[in-house]
Amino acid sequence: MPADHEPDGTRDGGRPPPGAGTGGADDVGAFEQWRPLLFGIAYRMLGSAGDAEDMVQETYLRWLQRRERDITSVRAYLVTILTRLCIDQLASARVQRERYSGPWLPEPVATDDTEAVEQSDSLSLAFLVLLEELTPPERAAYLLHDVFGYQFDEVAGLMGRSDTSCRQLASRARRSIEDRRQRFDSDRRHAQDLTRRFVVACGSGDMGGLLAMLADDVVVWTDGGGRVRAAMRPVVGPHRSSRFLANVGKKFHAMPREVVLNNQPAVVFVDEDHVVGTLSIDVMDGKVAAVRVVTNPEKLGHLQGLFAGGSGPVGSAGAGPRS
């Protein structure tokens, strides 16, 4: 069913009662209860905090404007609207990303450090990149079932498809992900220490130190989005990567600040209270296996509040399975 149609989930599809859809306190409260879940789904679907917020806001507006008398499940009603909006948005986003300048990375978001391991994995930049290879329906079916814990009969209702179709979509997505997924080390304390030493080595141009930390098949991705200077292709291998990183580090004078991004230890680079870049690493067998650097200004807006006296970035991307 197209996203602009109203979802099922009502007992009475007749005329709205007095005051329905006028945005009363009860409506607002009912929506806010599920906002973290909605954002968590939308962010994983889209890989963009800004787009995710737009989809949540559009869901909110449709909730306030609904005509239905009685909603049997507010959660199901809202997730249905959001899921279908995100599927439509993904179709447009895929076209835009085909024209993207250089490597595309998801928009990093600040999170707390309390999520379960399986939820941490589903927020990592490495995992979100894998999702990009899926079709929008595959992505939705997989995330709703495997990450957020919906049963397939529920997924079918949310997506407007049959149970069998949703099972097939999720199965294809699972095979695609598992064929390409790498299992990185989960020791956060070691990752944090390695990240700290890695940034110091880059900033000082310590080639020997960098080479000692990099895996033989290390890959460096830099996402400038055509807005700032960045490598147009991934940099592969320890020797090329160390030279590239040392060269960039010598020219990059922003102050590094340790943070948690996408439930991973990371660094945000700040220049006069303005976030100008992020860096996160994936660790395998104690070595740096992947480096992801985001400097596209359009992807850093949600982090500005960390250092500009604001209330901080969106922290609800880690919203886990439904409750």
# chains A, B, ... in the order shown; residues from 1 in each chain; ligands from 1
>>> residues_around(residues="Arg35 (chain A)", least_positions_apart="3", cutoff="9 Å", atoms="only C-alpha atoms", output="CSV table (one decimal) with C-alpha atoms, in the first residue's frame")
chain,number,residue,atom,x,y,z
A,31,PHE,CA,3.1,9.7,19.9
A,32,GLU,CA,6.0,10.7,22.1
A,38,LEU,CA,10.4,5.3,15.4
A,39,PHE,CA,13.7,7.2,15.2
A,40,GLY,CA,15.6,4.0,15.8
A,56,VAL,CA,9.4,10.8,12.2
A,60,TYR,CA,3.7,12.7,13.7
A,316,SER,CA,17.6,7.8,20.4
>>> residues_around(residues="Val218 (chain A)", least_positions_apart="6", cutoff="9 Å", atoms="only C-alpha atoms", output="ChimeraX atom specification")
/A:235-238,241,287-291
>>> residues_around(residues="Leu82 (chain A)", least_positions_apart="2", cutoff="7 Å", atoms="only C-alpha atoms", output="PyMOL selection string")
chain A and resi 55-56+59+78-80+84-86
>>> write_last_selection(atoms="C-alpha atoms", output="PDB file, in the first residue's frame")
ATOM      1  CA  MET A  55      10.250  10.742   8.524  1.00  0.00           C
ATOM      2  CA  VAL A  56       9.393  10.784  12.236  1.00  0.00           C
ATOM      3  CA  THR A  59       4.603  10.325  10.850  1.00  0.00           C
ATOM      4  CA  LEU A  78       2.815   4.589  13.808  1.00  0.00           C
ATOM      5  CA  VAL A  79       5.395   2.008  12.731  1.00  0.00           C
ATOM      6  CA  THR A  80       3.262   1.180   9.683  1.00  0.00           C
ATOM      7  CA  ARG A  84       6.182   2.877   4.320  1.00  0.00           C
ATOM      8  CA  LEU A  85       7.470   6.450   4.344  1.00  0.00           C
ATOM      9  CA  CYS A  86      11.019   5.151   4.743  1.00  0.00           C
TER      10      CYS A  86
END
>>> atom_distance(atom1="CA of Gly47 (chain A)", atom2="CA of Trp34 (chain A)")
19.5 Å
>>> closest_residue(among="A:Arg257, A:Lys299, A:Arg188, A:Arg197", to="Asp282 (chain A)", atoms="only C-alpha atoms")
A:Arg188
>>> residues_around(residues="Ile281 (chain A)", least_positions_apart="6", cutoff="12 Å", atoms="only C-alpha atoms", output="NGL selection string")
:A and (124-126 or 184-186 or 188 or 190-199 or 213-215 or 218-222 or 260-267 or 287-294)
>>> select_by_dssp(residues="region 112-217 of chain A", states="alpha helix (DSSP H)", output="compact mmCIF listing (two decimals) with N, CA and C atoms, in the first residue's frame")
# COMPACT_ATOMS: atom_id res chain seq x y z
N VAL A 117 24.99 -5.93 22.83
CA VAL A 117 25.92 -6.11 21.73
C VAL A 117 25.19 -6.19 20.39
N GLU A 118 24.07 -6.94 20.35
CA GLU A 118 23.38 -7.09 19.08
C GLU A 118 22.82 -5.76 18.59
N GLN A 119 22.38 -4.90 19.52
CA GLN A 119 21.90 -3.59 19.12
C GLN A 119 23.05 -2.69 18.71
N SER A 120 24.20 -2.82 19.36
CA SER A 120 25.38 -2.06 18.96
C SER A 120 25.77 -2.39 17.54
N ASP A 121 25.75 -3.65 17.20
CA ASP A 121 26.11 -4.07 15.85
C ASP A 121 25.19 -3.44 14.82
N SER A 122 23.91 -3.34 15.12
CA SER A 122 22.97 -2.83 14.14
C SER A 122 23.06 -1.32 13.98
N LEU A 123 23.83 -0.65 14.84
CA LEU A 123 24.03 0.78 14.72
C LEU A 123 25.39 1.13 14.12
N LEU A 125 28.58 1.83 11.78
CA LEU A 125 28.66 2.31 10.41
C LEU A 125 28.90 1.16 9.44
N ALA A 126 29.69 0.17 9.87
CA ALA A 126 29.97 -0.98 9.00
C ALA A 126 28.67 -1.72 8.65
N PHE A 127 27.80 -1.90 9.63
CA PHE A 127 26.54 -2.61 9.39
C PHE A 127 25.61 -1.77 8.52
N LEU A 128 25.53 -0.47 8.79
CA LEU A 128 24.65 0.39 8.00
C LEU A 128 25.09 0.45 6.54
N VAL A 129 26.39 0.36 6.29
CA VAL A 129 26.88 0.32 4.92
C VAL A 129 26.41 -0.96 4.22
N LEU A 130 26.42 -2.08 4.93
CA LEU A 130 25.95 -3.34 4.35
C LEU A 130 24.48 -3.24 3.95
N LEU A 131 23.69 -2.54 4.75
CA LEU A 131 22.28 -2.41 4.44
C LEU A 131 22.04 -1.67 3.12
N PRO A 136 14.92 -1.57 -0.78
CA PRO A 136 14.16 -1.01 0.34
C PRO A 136 13.24 -2.02 1.04
N PRO A 137 12.48 -2.86 0.31
CA PRO A 137 11.64 -3.84 1.03
C PRO A 137 12.48 -4.87 1.80
N GLU A 138 13.61 -5.31 1.24
CA GLU A 138 14.48 -6.24 1.96
C GLU A 138 14.99 -5.60 3.24
N ARG A 139 15.39 -4.37 3.14
CA ARG A 139 15.93 -3.66 4.30
C ARG A 139 14.87 -3.55 5.40
N ALA A 140 13.65 -3.21 5.01
CA ALA A 140 12.58 -3.06 5.99
C ALA A 140 12.25 -4.39 6.65
N ALA A 141 12.07 -5.44 5.86
CA ALA A 141 11.69 -6.74 6.42
C ALA A 141 12.78 -7.27 7.34
N TYR A 142 14.03 -7.13 6.94
CA TYR A 142 15.14 -7.62 7.75
C TYR A 142 15.24 -6.86 9.07
N PHE A 152 6.81 -12.32 11.74
CA PHE A 152 6.58 -12.08 10.32
C PHE A 152 5.13 -11.71 10.00
N ASP A 153 4.18 -12.21 10.79
CA ASP A 153 2.81 -11.79 10.53
C ASP A 153 2.63 -10.31 10.83
N GLU A 154 3.37 -9.80 11.83
CA GLU A 154 3.34 -8.38 12.13
C GLU A 154 4.05 -7.58 11.04
N VAL A 155 5.20 -8.07 10.59
CA VAL A 155 5.94 -7.40 9.52
C VAL A 155 5.07 -7.30 8.28
N ALA A 156 4.34 -8.36 7.98
CA ALA A 156 3.46 -8.36 6.81
C ALA A 156 2.43 -7.24 6.92
N GLY A 157 1.84 -7.08 8.10
CA GLY A 157 0.87 -6.01 8.29
C GLY A 157 1.49 -4.63 8.18
N LEU A 158 2.70 -4.48 8.73
CA LEU A 158 3.37 -3.19 8.69
C LEU A 158 3.75 -2.79 7.27
N MET A 159 4.14 -3.78 6.45
CA MET A 159 4.61 -3.49 5.10
C MET A 159 3.53 -3.61 4.05
N ASP A 163 2.80 -12.64 4.50
CA ASP A 163 3.77 -13.24 5.41
C ASP A 163 4.88 -13.92 4.64
N THR A 164 4.52 -14.68 3.61
CA THR A 164 5.52 -15.40 2.81
C THR A 164 6.48 -14.44 2.12
N SER A 165 5.95 -13.38 1.55
CA SER A 165 6.79 -12.39 0.88
C SER A 165 7.79 -11.77 1.85
N CYS A 166 7.35 -11.44 3.05
CA CYS A 166 8.25 -10.82 4.04
C CYS A 166 9.33 -11.79 4.50
N ARG A 167 8.97 -13.07 4.64
CA ARG A 167 9.97 -14.08 4.99
C ARG A 167 11.04 -14.18 3.91
N GLN A 168 10.62 -14.16 2.66
CA GLN A 168 11.56 -14.25 1.55
C GLN A 168 12.46 -13.02 1.49
N LEU A 169 11.88 -11.85 1.69
CA LEU A 169 12.67 -10.62 1.69
C LEU A 169 13.73 -10.64 2.78
N ALA A 170 13.32 -11.00 3.98
CA ALA A 170 14.27 -11.03 5.10
C ALA A 170 15.34 -12.09 4.90
N SER A 171 14.96 -13.23 4.32
CA SER A 171 15.94 -14.30 4.07
C SER A 171 17.00 -13.86 3.07
N ARG A 172 16.57 -13.21 1.99
CA ARG A 172 17.53 -12.72 1.00
C ARG A 172 18.45 -11.68 1.62
N ALA A 173 17.88 -10.79 2.42
CA ALA A 173 18.69 -9.77 3.08
C ALA A 173 19.70 -10.39 4.03
N ARG A 174 19.26 -11.38 4.79
CA ARG A 174 20.14 -12.03 5.76
C ARG A 174 21.32 -12.71 5.07
N ARG A 175 21.04 -13.39 3.96
CA ARG A 175 22.13 -14.04 3.22
C ARG A 175 23.11 -13.02 2.68
N SER A 176 22.60 -11.93 2.15
CA SER A 176 23.47 -10.90 1.60
C SER A 176 24.37 -10.29 2.67
N ILE A 177 23.79 -10.04 3.83
CA ILE A 177 24.56 -9.44 4.92
C ILE A 177 25.58 -10.41 5.47
N GLU A 178 25.17 -11.64 5.72
CA GLU A 178 26.09 -12.62 6.31
C GLU A 178 27.24 -12.96 5.37
N ASP A 179 27.01 -12.91 4.06
CA ASP A 179 28.07 -13.21 3.10
C ASP A 179 29.18 -12.16 3.14
N ARG A 180 28.84 -10.94 3.57
CA ARG A 180 29.82 -9.85 3.51
C ARG A 180 30.19 -9.30 4.88
N ARG A 188 35.36 -2.86 23.91
CA ARG A 188 35.28 -1.41 23.73
C ARG A 188 36.45 -0.67 24.39
N ARG A 189 36.89 -1.20 25.51
CA ARG A 189 38.00 -0.52 26.19
C ARG A 189 39.26 -0.56 25.33
N HIS A 190 39.51 -1.71 24.71
CA HIS A 190 40.67 -1.82 23.81
C HIS A 190 40.48 -0.93 22.59
N ALA A 191 39.26 -0.91 22.05
CA ALA A 191 38.99 -0.08 20.88
C ALA A 191 39.19 1.40 21.20
N GLN A 192 38.78 1.79 22.39
CA GLN A 192 38.95 3.19 22.79
C GLN A 192 40.44 3.53 22.92
N ASP A 193 41.21 2.65 23.53
CA ASP A 193 42.64 2.88 23.68
C ASP A 193 43.33 2.92 22.31
N LEU A 194 42.95 1.99 21.43
CA LEU A 194 43.55 1.95 20.10
C LEU A 194 43.17 3.19 19.30
N THR A 195 41.93 3.65 19.43
CA THR A 195 41.50 4.86 18.74
C THR A 195 42.32 6.06 19.20
N ARG A 196 42.55 6.14 20.50
CA ARG A 196 43.33 7.25 21.05
C ARG A 196 44.75 7.25 20.50
N ARG A 197 45.39 6.08 20.52
CA ARG A 197 46.76 5.99 20.02
C ARG A 197 46.82 6.21 18.51
N PHE A 198 45.80 5.77 17.82
CA PHE A 198 45.73 5.92 16.37
C PHE A 198 45.67 7.40 15.98
N VAL A 199 44.83 8.16 16.67
CA VAL A 199 44.69 9.58 16.36
C VAL A 199 45.99 10.33 16.66
N VAL A 200 46.64 9.98 17.75
CA VAL A 200 47.92 10.60 18.09
C VAL A 200 48.96 10.31 17.01
N ALA A 201 49.00 9.08 16.56
CA ALA A 201 49.97 8.70 15.52
C ALA A 201 49.70 9.44 14.21
N CYS A 202 48.42 9.58 13.86
CA CYS A 202 48.07 10.33 12.64
C CYS A 202 48.50 11.79 12.76
N GLY A 203 48.22 12.39 13.91
CA GLY A 203 48.52 13.80 14.10
C GLY A 203 50.01 14.10 14.13
N SER A 204 50.79 13.14 14.60
CA SER A 204 52.25 13.36 14.70
C SER A 204 52.99 12.83 13.49
N MET A 207 54.66 7.20 11.18
CA MET A 207 54.43 6.14 10.21
C MET A 207 54.63 4.76 10.82
N GLY A 208 55.68 4.60 11.61
CA GLY A 208 55.94 3.32 12.24
C GLY A 208 54.84 2.92 13.19
N GLY A 209 54.36 3.87 13.97
CA GLY A 209 53.28 3.59 14.89
C GLY A 209 52.00 3.22 14.17
N LEU A 210 51.70 3.90 13.07
CA LEU A 210 50.51 3.58 12.30
C LEU A 210 50.61 2.19 11.69
N LEU A 211 51.75 1.88 11.09
CA LEU A 211 51.92 0.57 10.47
C LEU A 211 51.75 -0.56 11.49
N ALA A 212 52.18 -0.32 12.71
CA ALA A 212 52.07 -1.34 13.75
C ALA A 212 50.63 -1.59 14.15
N MET A 213 49.77 -0.59 13.94
CA MET A 213 48.37 -0.72 14.34
C MET A 213 47.46 -1.22 13.24
>>> select_by_dssp(residues="region 242-322 of chain A", states="strand (DSSP E)", output="number ranges by chain")
A: 255-261, 264-271, 274-284, 287-294
>>> atom_distance(atom1="CA of Gly225 (chain A)", atom2="CA of His274 (chain A)")
18.1 Å
>>> closest_atom_pairs(of="region 78-122 of chain A", to="region 227-231 of chain A", cutoff="9 Å", atoms="only C-alpha atoms", output="CSV")
residue,atom,partner,partner_atom,distance
A:Ser101,CA,A:Arg227,CA,8.7
A:Gly102,CA,A:Ala231,CA,7.0
A:Pro103,CA,A:Ala231,CA,8.1
>>> closest_residue(among="A:Asp51, A:Ile41, A:Arg181, A:Pro36", to="His145 (chain A)", atoms="only C-alpha atoms")
A:Ile41
